[in-house]
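See below for protein_28.cif, which holds mmCIF, C-alpha atoms and all ligand atoms.
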```cif
data_final
#
loop_
_atom_site.label_atom_id
_atom_site.label_comp_id
_atom_site.auth_asym_id
_atom_site.auth_seq_id
_atom_site.Cartn_x
_atom_site.Cartn_y
_atom_site.Cartn_z
CA MET E 1 0.00 0.00 0.00
CA SER E 2 1.16 3.52 -0.74
CA TRP E 3 1.71 6.28 1.88
CA ILE E 4 -1.20 8.34 0.56
CA VAL E 5 -4.44 6.42 0.06
CA SER E 6 -7.86 7.64 -1.01
CA SER E 7 -10.67 7.99 1.50
CA SER E 8 -12.39 4.75 2.49
CA LEU E 9 -15.01 6.36 4.74
CA THR E 10 -18.69 5.56 4.31
CA TYR E 11 -21.27 8.33 4.12
CA PHE E 12 -22.20 7.78 7.79
CA GLN E 13 -18.56 7.77 8.94
CA ARG E 14 -17.96 11.03 7.04
CA PHE E 15 -21.02 12.49 8.77
CA CYS E 16 -19.55 11.53 12.18
CA VAL E 17 -16.18 13.02 11.19
CA ASN E 18 -17.99 16.30 10.44
CA VAL E 19 -19.79 16.18 13.81
CA ILE E 20 -16.45 15.71 15.65
CA LYS E 21 -15.00 18.57 13.60
CA CYS E 22 -17.51 20.92 15.27
CA GLY E 23 -15.34 20.62 18.39
CA PRO E 24 -11.61 21.34 18.86
CA ILE E 25 -9.43 19.07 16.75
CA PRO E 26 -5.93 18.25 18.03
CA ARG E 27 -3.34 19.99 15.90
CA HIS E 28 -0.80 17.23 16.51
CA ILE E 29 -1.46 13.55 17.29
CA ALA E 30 1.27 11.05 18.16
CA PHE E 31 0.64 7.31 17.77
CA ILE E 32 2.38 4.40 19.49
CA MET E 33 1.39 1.75 16.95
CA ASP E 34 1.50 -1.36 19.13
CA GLY E 35 0.21 -4.90 18.67
CA ASN E 36 1.39 -5.96 15.18
CA ARG E 37 2.82 -9.31 16.35
CA ARG E 38 -0.18 -10.17 18.53
CA TYR E 39 -2.33 -9.42 15.49
CA ALA E 40 -0.15 -11.79 13.44
CA THR E 41 -0.56 -14.55 16.08
CA LYS E 42 -4.31 -13.90 16.32
CA THR E 43 -4.82 -14.15 12.57
CA LYS E 44 -2.26 -16.99 12.15
CA VAL E 45 0.04 -15.14 9.78
CA GLU E 46 3.81 -14.47 9.85
CA LYS E 47 5.10 -11.63 12.06
CA ALA E 48 6.27 -9.85 8.90
CA GLU E 49 2.68 -9.82 7.65
CA GLY E 50 1.59 -8.23 10.95
CA HIS E 51 4.09 -5.38 10.37
CA ILE E 52 2.96 -4.97 6.74
CA LYS E 53 -0.65 -4.68 7.96
CA GLY E 54 0.70 -2.17 10.51
CA PHE E 55 2.11 0.00 7.73
CA ASP E 56 -1.17 -0.23 5.77
CA LYS E 57 -3.02 0.93 8.89
CA LEU E 58 -0.62 3.83 9.23
CA ALA E 59 -1.42 4.98 5.66
CA GLU E 60 -5.16 4.69 6.36
CA THR E 61 -4.84 6.59 9.65
CA LEU E 62 -2.92 9.40 7.92
CA GLN E 63 -5.82 9.76 5.47
CA TRP E 64 -8.35 9.95 8.36
CA CYS E 65 -6.18 12.58 10.05
CA LEU E 66 -6.10 14.64 6.83
CA GLU E 67 -9.90 14.41 6.62
CA LEU E 68 -10.24 15.45 10.27
CA GLY E 69 -7.96 18.45 9.75
CA VAL E 70 -5.16 17.16 12.00
CA LYS E 71 -2.15 19.09 10.76
CA GLU E 72 0.64 16.96 12.22
CA VAL E 73 1.11 13.28 13.01
CA THR E 74 4.06 11.58 14.71
CA VAL E 75 4.37 7.79 14.65
CA TYR E 76 6.65 5.46 16.62
CA ALA E 77 7.81 3.16 13.84
CA PHE E 78 11.01 1.70 15.30
CA SER E 79 12.55 2.26 18.71
CA ILE E 80 16.24 1.84 19.52
CA GLU E 81 15.05 -0.93 21.89
CA ASN E 82 13.61 -2.75 18.85
CA PHE E 83 17.20 -3.42 17.69
CA LYS E 84 17.25 -6.03 20.50
CA ARG E 85 14.60 -8.15 18.72
CA SER E 86 15.67 -11.22 16.74
CA ARG E 87 17.97 -10.59 13.79
CA GLU E 88 15.27 -11.90 11.48
CA GLU E 89 12.63 -9.46 12.76
CA VAL E 90 14.97 -6.45 12.73
CA ASP E 91 15.94 -7.31 9.13
CA THR E 92 12.26 -7.63 8.20
CA LEU E 93 11.43 -4.21 9.67
CA MET E 94 14.47 -2.60 8.00
CA LYS E 95 13.52 -4.18 4.66
CA LEU E 96 9.95 -2.91 5.02
CA ALA E 97 11.15 0.60 5.86
CA THR E 98 13.63 0.59 2.94
CA GLU E 99 10.87 -0.50 0.57
CA LYS E 100 8.41 2.09 1.90
CA PHE E 101 10.86 5.02 1.80
CA ARG E 102 11.87 4.03 -1.75
CA GLN E 103 8.17 3.96 -2.67
CA LEU E 104 7.73 7.38 -1.06
CA LEU E 105 10.45 8.82 -3.32
CA ASP E 106 8.82 7.14 -6.35
CA GLU E 107 5.49 8.75 -5.37
CA LYS E 108 7.04 12.20 -5.36
CA GLU E 109 4.24 13.86 -7.34
CA LYS E 110 1.48 12.56 -5.05
CA ILE E 111 3.33 13.55 -1.86
CA MET E 112 4.22 16.99 -3.22
CA SER E 113 0.68 17.67 -4.43
CA GLU E 114 -0.66 16.81 -0.95
CA GLY E 115 1.99 19.18 0.48
CA VAL E 116 3.14 16.67 3.11
CA CYS E 117 6.42 17.42 4.87
CA ILE E 118 8.09 14.23 6.12
CA ARG E 119 10.64 14.26 8.89
CA ILE E 120 12.47 11.34 10.40
CA ILE E 121 13.22 11.76 14.07
CA GLY E 122 15.79 9.47 15.58
CA ASN E 123 19.40 8.43 15.61
CA LEU E 124 20.07 8.04 11.88
CA GLY E 125 23.65 6.97 12.62
CA LEU E 126 22.31 3.55 13.72
CA LEU E 127 20.74 2.87 10.31
CA SER E 128 22.35 1.26 7.26
CA PRO E 129 23.85 3.73 4.75
CA GLU E 130 21.16 2.69 2.23
CA LEU E 131 18.24 3.45 4.55
CA ARG E 132 19.93 6.61 5.83
CA LYS E 133 20.27 7.86 2.25
CA LEU E 134 16.60 7.15 1.49
CA VAL E 135 15.26 8.88 4.61
CA ALA E 136 17.57 11.85 4.04
CA GLU E 137 16.31 12.14 0.45
CA ALA E 138 12.69 11.92 1.60
CA GLU E 139 13.26 14.63 4.18
CA LEU E 140 15.09 16.95 1.79
CA MET E 141 12.49 16.37 -0.97
CA THR E 142 9.59 17.44 1.25
CA LYS E 143 11.26 19.99 3.53
CA ASP E 144 9.41 23.00 2.11
CA ASN E 145 5.92 21.38 2.18
CA ASN E 146 3.65 22.77 4.87
CA LYS E 147 0.07 21.54 4.39
CA ALA E 148 0.58 18.53 6.67
CA PHE E 149 3.50 17.12 8.66
CA LEU E 150 4.39 13.50 9.23
CA ASN E 151 7.16 12.71 11.71
CA VAL E 152 8.38 9.14 11.61
CA ALA E 153 10.22 8.18 14.80
CA PHE E 154 12.68 5.60 13.52
CA SER E 155 15.67 4.40 15.54
CA TYR E 156 14.29 6.66 18.26
CA THR E 157 14.07 6.77 22.03
CA SER E 158 13.52 9.81 24.19
CA ARG E 159 16.56 9.09 26.33
CA ASP E 160 18.78 8.97 23.25
CA GLU E 161 17.22 12.19 21.97
CA ILE E 162 17.78 13.98 25.30
CA PHE E 163 21.35 12.63 25.53
CA ASN E 164 22.17 13.94 22.02
CA THR E 165 20.56 17.28 22.84
CA VAL E 166 22.62 17.69 26.01
CA GLN E 167 25.77 16.85 24.04
CA SER E 168 25.01 19.46 21.34
CA ILE E 169 24.27 22.13 23.95
CA VAL E 170 27.51 21.38 25.83
CA LYS E 171 29.37 21.69 22.52
CA GLY E 172 27.57 24.99 21.87
CA VAL E 173 28.87 26.31 25.21
CA GLN E 174 32.40 24.97 24.56
CA ASP E 175 32.43 26.63 21.13
CA GLU E 176 31.18 29.88 22.75
CA ALA E 177 28.08 29.92 20.52
CA LEU E 178 26.05 29.83 23.76
CA ASP E 179 26.36 31.11 27.31
CA VAL E 180 25.36 28.84 30.19
CA GLU E 181 22.70 31.49 31.02
CA ASP E 182 21.10 30.88 27.59
CA ILE E 183 20.15 27.34 28.62
CA ASP E 184 16.49 27.09 29.50
CA GLU E 185 13.55 24.80 28.72
CA ASP E 186 12.85 26.53 25.40
CA LEU E 187 16.44 26.08 24.25
CA ILE E 188 16.33 22.38 25.14
CA SER E 189 12.97 21.95 23.31
CA GLY E 190 14.46 23.69 20.29
CA ALA E 191 17.51 21.42 20.22
CA LEU E 192 15.54 18.13 20.34
CA TYR E 193 14.93 16.04 17.17
CA THR E 194 11.37 17.43 17.32
CA SER E 195 12.51 21.07 17.30
CA CYS E 196 10.31 21.95 14.30
CA SER E 197 7.10 20.57 15.84
CA PRO E 198 4.72 21.83 18.46
CA ASP E 199 4.25 19.33 21.31
CA PRO E 200 1.57 16.69 20.64
CA ASP E 201 -1.94 17.53 21.86
CA LEU E 202 -3.00 13.90 21.92
CA ILE E 203 -1.07 10.61 22.28
CA VAL E 204 -2.75 7.37 21.24
CA ARG E 205 -1.34 3.97 22.21
CA THR E 206 -3.00 0.82 20.96
CA SER E 207 -2.92 -2.82 22.15
CA GLY E 208 -3.82 -2.27 25.81
CA GLU E 209 -0.25 -1.58 26.99
CA VAL E 210 -0.30 1.34 29.41
CA ARG E 211 3.19 2.86 29.19
CA PHE E 212 5.15 5.31 27.07
CA SER E 213 8.08 3.10 26.03
CA ASP E 214 10.55 6.00 25.91
CA PHE E 215 8.50 7.98 23.37
CA LEU E 216 8.52 11.81 23.37
CA LEU E 217 8.94 11.97 27.15
CA TRP E 218 10.02 15.63 27.12
CA GLN E 219 7.27 16.68 24.70
CA ILE E 220 4.15 15.16 26.29
CA SER E 221 3.96 16.92 29.63
CA ASN E 222 0.72 18.68 28.61
CA SER E 223 -0.66 16.11 26.16
CA PHE E 224 -3.93 14.21 26.54
CA ILE E 225 -3.25 10.45 26.62
CA SER E 226 -5.56 7.83 25.18
CA PHE E 227 -4.84 4.13 25.70
CA THR E 228 -7.01 1.81 23.65
CA LYS E 229 -7.14 -2.01 23.74
CA VAL E 230 -7.40 -2.56 20.00
CA LEU E 231 -4.33 -4.03 18.24
CA TRP E 232 -2.82 -1.49 15.81
CA PRO E 233 -3.69 -3.34 12.55
CA GLU E 234 -7.34 -3.43 13.75
CA PHE E 235 -7.52 0.27 14.64
CA CYS E 236 -10.42 1.91 12.80
CA ILE E 237 -11.99 5.34 12.34
CA TRP E 238 -14.33 4.71 15.32
CA HIS E 239 -11.33 4.24 17.65
CA LEU E 240 -9.79 7.45 16.37
CA LEU E 241 -13.05 9.39 16.74
CA ALA E 242 -13.43 8.04 20.31
CA CYS E 243 -9.89 9.22 21.21
CA ILE E 244 -10.65 12.69 19.82
CA PHE E 245 -14.02 12.76 21.60
CA TYR E 246 -12.31 12.12 24.98
CA TYR E 247 -9.72 14.76 24.12
CA GLN E 248 -12.53 17.23 23.42
CA ARG E 249 -14.23 16.45 26.75
CA SER E 250 -11.01 17.33 28.60
CA TYR E 251 -10.09 20.18 26.31
CA ASN E 252 -11.02 23.00 28.67
CA ASP E 253 -9.00 21.44 31.48
CA LEU E 254 -5.87 21.11 29.40
CA GLN E 255 -3.29 23.70 30.32
CA GLN E 256 -2.67 26.56 27.95
CA LYS E 257 0.77 26.39 26.50
CA LYS E 258 3.12 29.05 27.75
CA ALA E 259 4.36 31.61 25.25
CA ARG E 260 7.81 30.81 24.06
CA VAL E 261 10.46 33.37 24.89
CA THR E 262 13.87 32.45 23.65
CA SER E 263 16.80 34.78 23.79
CA GLU E 264 18.22 36.12 20.54
CA ARG E 265 21.51 34.30 21.05
CA ALA E 266 19.77 31.02 21.73
CA GLN E 267 17.65 31.54 18.56
CA LYS E 268 20.85 31.97 16.56
CA PHE E 269 22.27 28.77 18.04
CA LEU E 270 19.07 26.86 17.18
CA HIS E 271 19.29 28.18 13.61
CA GLN E 272 22.89 26.89 13.42
CA LEU E 273 21.70 23.46 14.61
CA GLN E 274 19.03 23.37 11.85
CA GLN E 275 21.63 24.24 9.21
CA GLN E 276 23.96 21.54 10.56
CA LYS E 277 21.14 19.01 10.24
CA ILE E 278 20.49 19.96 6.59
CA THR E 279 24.23 19.69 5.81
CA GLN E 280 24.32 16.28 7.54
CA LEU E 281 21.30 15.04 5.54
CA LYS E 282 22.94 16.24 2.29
CA SER E 283 26.10 14.30 3.18
CA TYR E 284 24.02 11.10 3.43
CA THR E 285 22.63 11.44 -0.12
C1 LIG D 301 4.72 -2.56 17.46
O1 LIG D 301 4.07 -3.83 17.45
C2 LIG D 301 5.15 -2.20 16.11
C3 LIG D 301 6.43 -2.02 15.69
C4 LIG D 301 7.61 -2.25 16.57
C5 LIG D 301 6.74 -1.66 14.31
C6 LIG D 301 5.79 -0.63 13.77
C7 LIG D 301 6.06 -0.48 12.35
C8 LIG D 301 5.11 -0.26 11.44
C9 LIG D 301 3.68 -0.12 11.73
C10 LIG D 301 5.54 -0.11 10.04
C11 LIG D 301 5.98 1.32 9.84
C12 LIG D 301 6.96 1.41 8.79
C13 LIG D 301 7.39 2.58 8.29
C14 LIG D 301 8.32 2.58 7.19
C15 LIG D 301 6.95 3.90 8.81
P1 LIG D 301 4.86 -5.03 18.11
O2 LIG D 301 5.83 -5.57 17.09
O3 LIG D 301 5.47 -4.56 19.39
O4 LIG D 301 3.74 -6.10 18.36
P2 LIG D 301 3.33 -6.74 19.77
O5 LIG D 301 3.16 -5.61 20.74
O6 LIG D 301 2.06 -7.47 19.49
O7 LIG D 301 4.45 -7.65 20.16
MG MG D 302 4.67 -4.24 21.30
#
```
For the file at hand, write its structure as structure tokens.
Ligand code: FPP
Ligand code: MG
Amino acid sequence: MSWIVSSSLTYFQRFCVNVIKCGPIPRHIAFIMDGNRRYATKTKVEKAEGHIKGFDKLAETLQWCLELGVKEVTVYAFSIENFKRSREEVDTLMKLATEKFRQLLDEKEKIMSEGVCIRIIGNLGLLSPELRKLVAEAELMTKDNNKAFLNVAFSYTSRDEIFNTVQSIVKGVQDEALDVEDIDEDLISGALYTSCSPDPDLIVRTSGEVRFSDFLLWQISNSFISFTKVLWPEFCIWHLLACIFYYQRSYNDLQQKKARVTSERAQKFLHQLQQQKITQLKSYT
């Protein structure tokens, strides 16, 4: 299945989408797509097939989010912890990702006409040169799109992200690009892999597991969390609408985000970091 699919909603489902759209819609939703292997066991298919169904569900979910007017989606596609799975499974997931990112580049026209900006958040250094090149090309190809944003967390954990951020800030101080007094929460947020994104409004985790698994730990302090029992490949529009409905019920209680005030010097340092990232991505291609 391709990354961009056409709408599969029935007339009644579209009506319900429009009803939900009368309330506040989260600007940014993050998904922990869990339960692919349990789905494979349940339906007596190979694990690889469970992950393929997981990707298909991701494409379908992105289409629902576009229809709902959700501007940004972040998905946990592969954690650094996942490298500890069997060699066979890691290879399968890497092969699937390679195939899907190659397909994404082949579907350039479709992606560009939808105006989707794709970013890969994670430790790209842990990926094979082939996959690194593909994700870098995908990111560079779509970097100026701004109708919708898809962040794929791949080779990602929050602890690794925070560790890398601390290292880059320490280097900034050593190189005298920053003063110690410039370091505040906004500077740290701006130096994370997710620096270009607002924090998620809603986090959805499927499969009944009630934990965060090292996903966006810095970014979710004010997010609404929805845990649902359904396995990811079985997630459907009704589950998504239910998550948004609960978000809407709590909307007024959710804290207003504080205005961001970042010093001029810190802004300059963050700009330098962005430029370094673009140069790094270009070196991978
Ligand atoms: C969690 O289910 C799922 C994953 C570790 C992989 C998710 C990957 C995809 C949905 C494909 C995405 C691919 C791209 C290129 C974006 P699990 O394996 O932990 O299953 P379990 O919880 O039942 O054991
Ligand atoms: Mg799991």
Gap from atom CA of Ser221 of chain E to atom CA of Pro200 of chain E - Å, one decimal: 9.3 Å
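The spacing separating atom O7 of ligand LIG 301 (chain D) from atom CA of Glu130 of chain E amounts to 26.6 Å.
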Residue among E:Lys229, E:Lys100, E:Lys133, E:Lys147 lying closest to Trp3 of chain E, counting all atoms listed in the file: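 Closest candidate: E:Lys100.
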Ligand MG 302 (chain D) neighbours within 10 Å using only C-alpha atoms and all ligand atoms, as a PyMOL selection string: chain E and resi 32-38+82+206-209+213+231-232
Polymer residues at most 10 Å from Arg159 of chain E, only C-alpha atoms, same-chain spacing of 4 or more positions, as a list in words: Ile80, Phe163, Asn164, Thr165, Asp214, Phe215, Leu216, Leu217 and Trp218 of chain E
Shell of 9 Å around Phe235 of chain E, all atoms listed in the file, local chain residues under 5 positions omitted, as a count of residues only: 5
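Minimum atom-to-atom distances from E:Glu114, E:Glu67, E:Asp179, E:Glu234 to ligand LIG 301 (chain D) were compared using all atoms listed in the file, and the lowest value belongs to E:Glu234.
Interatomic distance, atom CA of Ser197 of chain E against atom CA of Thr228 of chain E: 24.7 Å.
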Selected residue of minimal separation from Tyr246 of chain E among E:Ile203, E:Leu127, E:Cys65, E:Val45, counting all atoms listed in the file: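 Of all the options, E:Ile203 lies closest to Tyr246 of chain E.
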Given all atoms listed in the file as the counted atoms, nearest of E:Arg211, E:Leu140, E:Ile244, E:Val70 to Lys282 of chain E: E:Leu140
Close residues, segment 25-30 of chain E itself excluded, 8 Å, only C-alpha atoms, min 2 positions apart in chain, as a PyMOL selection string: chain E and resi 20-21+23+32+68-76+198-204+244+247-248
Exercise: residues within 6 Å of coordinate (14.1, 15.4, 7.8), counting only C-alpha atoms, as a list in words: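 Here is the list of nearby residues: Arg119, Ile120 and Glu139 of chain E.
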Selected residue, from E:Ser2, E:Asn18, E:Asn123, E:Thr10, that lies nearest to Ala153 of chain E when counting all atoms listed in the file: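 So, comparing all the options, the nearest one is E:Asn123.
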Selected residue, from E:Ile220, E:Leu150, E:Val17, E:Ile188, that lies nearest to Ala242 of chain E when counting all atoms listed in the file: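 Closest to Ala242 of chain E, using all atoms listed in the file: E:Val17.
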Which residues come within 9 Å of segment 107-113 of chain E, counting only C-alpha atoms, excluding same-chain residues fewer than 4 positions away, as an mmCIF file with C-alpha atoms, keeping the file's coordinate frame?
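Output below, filename selection.cif:
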```cif
data_model
loop_
_atom_site.group_PDB
_atom_site.id
_atom_site.type_symbol
_atom_site.label_atom_id
_atom_site.label_comp_id
_atom_site.auth_asym_id
_atom_site.auth_seq_id
_atom_site.Cartn_x
_atom_site.Cartn_y
_atom_site.Cartn_z
ATOM 1 C CA SER E 2 1.160 3.520 -0.740
ATOM 2 C CA TRP E 3 1.710 6.280 1.880
ATOM 3 C CA ILE E 4 -1.200 8.340 0.560
ATOM 4 C CA ARG E 102 11.870 4.030 -1.750
ATOM 5 C CA GLN E 103 8.170 3.960 -2.670
ATOM 6 C CA CYS E 117 6.420 17.420 4.870
ATOM 7 C CA ALA E 138 12.690 11.920 1.600
ATOM 8 C CA MET E 141 12.490 16.370 -0.970
ATOM 9 C CA THR E 142 9.590 17.440 1.250
ATOM 10 C CA ASN E 145 5.920 21.380 2.180
#
```
With all atoms listed in the file as the counted atoms, please give the residues lying no more than 10 Å from segment 83-89 of chain E, apart from itself and same-chain residues fewer than 2 positions off, as a CSV table (one decimal) with C-alpha atoms, keeping the file's coordinate frame.
```csv
chain,number,residue,atom,x,y,z
E,47,LYS,CA,5.1,-11.6,12.1
E,48,ALA,CA,6.3,-9.8,8.9
E,51,HIS,CA,4.1,-5.4,10.4
E,78,PHE,CA,11.0,1.7,15.3
E,79,SER,CA,12.6,2.3,18.7
E,80,ILE,CA,16.2,1.8,19.5
E,81,GLU,CA,15.0,-0.9,21.9
E,91,ASP,CA,15.9,-7.3,9.1
E,92,THR,CA,12.3,-7.6,8.2
E,93,LEU,CA,11.4,-4.2,9.7
E,94,MET,CA,14.5,-2.6,8.0
E,95,LYS,CA,13.5,-4.2,4.7
E,126,LEU,CA,22.3,3.6,13.7
E,155,SER,CA,15.7,4.4,15.5
```
Write out all heavy atoms for segment 237-247 of chain E, as a short mmCIF file (atom, residue, chain, number, x, y, z; two decimals), in the frame of the given file.
```
data_model
loop_
_atom_site.label_atom_id
_atom_site.label_comp_id
_atom_site.auth_asym_id
_atom_site.auth_seq_id
_atom_site.Cartn_x
_atom_site.Cartn_y
_atom_site.Cartn_z
N ILE E 237 -11.59 3.93 12.20
CA ILE E 237 -11.99 5.34 12.34
C ILE E 237 -12.77 5.56 13.65
O ILE E 237 -12.63 6.60 14.28
CB ILE E 237 -12.81 5.82 11.11
CG1 ILE E 237 -13.15 7.32 11.20
CG2 ILE E 237 -14.07 5.01 10.90
CD1 ILE E 237 -12.02 8.26 11.07
N TRP E 238 -13.55 4.53 14.08
CA TRP E 238 -14.33 4.71 15.32
C TRP E 238 -13.41 4.85 16.53
O TRP E 238 -13.70 5.62 17.45
CB TRP E 238 -15.31 3.54 15.53
CG TRP E 238 -16.28 3.40 14.40
CD1 TRP E 238 -16.44 2.33 13.57
CD2 TRP E 238 -17.21 4.40 13.95
NE1 TRP E 238 -17.39 2.59 12.63
CE2 TRP E 238 -17.90 3.85 12.83
CE3 TRP E 238 -17.54 5.69 14.35
CZ2 TRP E 238 -18.89 4.54 12.14
CZ3 TRP E 238 -18.53 6.38 13.65
CH2 TRP E 238 -19.19 5.81 12.57
N HIS E 239 -12.28 4.10 16.54
CA HIS E 239 -11.33 4.24 17.65
C HIS E 239 -10.74 5.64 17.65
O HIS E 239 -10.61 6.28 18.69
CB HIS E 239 -10.20 3.21 17.54
CG HIS E 239 -10.68 1.79 17.60
ND1 HIS E 239 -10.64 0.94 16.53
CD2 HIS E 239 -11.22 1.08 18.61
CE1 HIS E 239 -11.13 -0.24 16.88
NE2 HIS E 239 -11.49 -0.18 18.14
N LEU E 240 -10.40 6.12 16.44
CA LEU E 240 -9.79 7.45 16.37
C LEU E 240 -10.79 8.52 16.81
O LEU E 240 -10.45 9.44 17.58
CB LEU E 240 -9.30 7.71 14.93
CG LEU E 240 -8.63 9.07 14.70
CD1 LEU E 240 -7.42 9.25 15.60
CD2 LEU E 240 -8.20 9.22 13.23
N LEU E 241 -12.04 8.38 16.35
CA LEU E 241 -13.05 9.39 16.74
C LEU E 241 -13.27 9.35 18.26
O LEU E 241 -13.44 10.40 18.89
CB LEU E 241 -14.36 9.15 15.99
CG LEU E 241 -14.31 9.41 14.47
CD1 LEU E 241 -15.67 9.15 13.83
CD2 LEU E 241 -13.85 10.83 14.15
N ALA E 242 -13.23 8.15 18.85
CA ALA E 242 -13.43 8.04 20.31
C ALA E 242 -12.28 8.76 21.04
O ALA E 242 -12.51 9.50 22.00
CB ALA E 242 -13.50 6.58 20.73
N CYS E 243 -11.05 8.56 20.56
CA CYS E 243 -9.89 9.22 21.21
C CYS E 243 -10.07 10.74 21.13
O CYS E 243 -9.81 11.45 22.12
CB CYS E 243 -8.58 8.85 20.51
SG CYS E 243 -8.14 7.12 20.68
N ILE E 244 -10.50 11.24 19.97
CA ILE E 244 -10.65 12.69 19.82
C ILE E 244 -11.83 13.19 20.66
O ILE E 244 -11.76 14.27 21.26
CB ILE E 244 -10.80 13.08 18.32
CG1 ILE E 244 -9.52 12.69 17.57
CG2 ILE E 244 -11.08 14.57 18.16
CD1 ILE E 244 -9.52 12.98 16.10
N PHE E 245 -12.87 12.39 20.77
CA PHE E 245 -14.02 12.76 21.60
C PHE E 245 -13.59 12.95 23.07
O PHE E 245 -13.92 13.94 23.71
CB PHE E 245 -15.11 11.70 21.47
CG PHE E 245 -16.28 11.93 22.37
CD1 PHE E 245 -17.16 12.97 22.15
CD2 PHE E 245 -16.49 11.10 23.47
CE1 PHE E 245 -18.25 13.20 23.00
CE2 PHE E 245 -17.57 11.32 24.33
CZ PHE E 245 -18.44 12.36 24.09
N TYR E 246 -12.77 12.00 23.58
CA TYR E 246 -12.31 12.12 24.98
C TYR E 246 -11.40 13.33 25.14
O TYR E 246 -11.44 14.02 26.15
CB TYR E 246 -11.61 10.83 25.44
CG TYR E 246 -12.60 9.70 25.63
CD1 TYR E 246 -12.47 8.50 24.94
CD2 TYR E 246 -13.68 9.85 26.50
CE1 TYR E 246 -13.40 7.48 25.10
CE2 TYR E 246 -14.61 8.84 26.66
CZ TYR E 246 -14.47 7.66 25.96
OH TYR E 246 -15.38 6.67 26.12
N TYR E 247 -10.59 13.57 24.11
CA TYR E 247 -9.72 14.76 24.12
C TYR E 247 -10.59 16.02 24.22
O TYR E 247 -10.31 16.93 25.01
CB TYR E 247 -8.87 14.76 22.84
CG TYR E 247 -8.23 16.08 22.49
CD1 TYR E 247 -7.04 16.48 23.10
CD2 TYR E 247 -8.81 16.93 21.54
CE1 TYR E 247 -6.45 17.69 22.78
CE2 TYR E 247 -8.22 18.14 21.22
CZ TYR E 247 -7.04 18.52 21.85
OH TYR E 247 -6.46 19.72 21.53
#
```
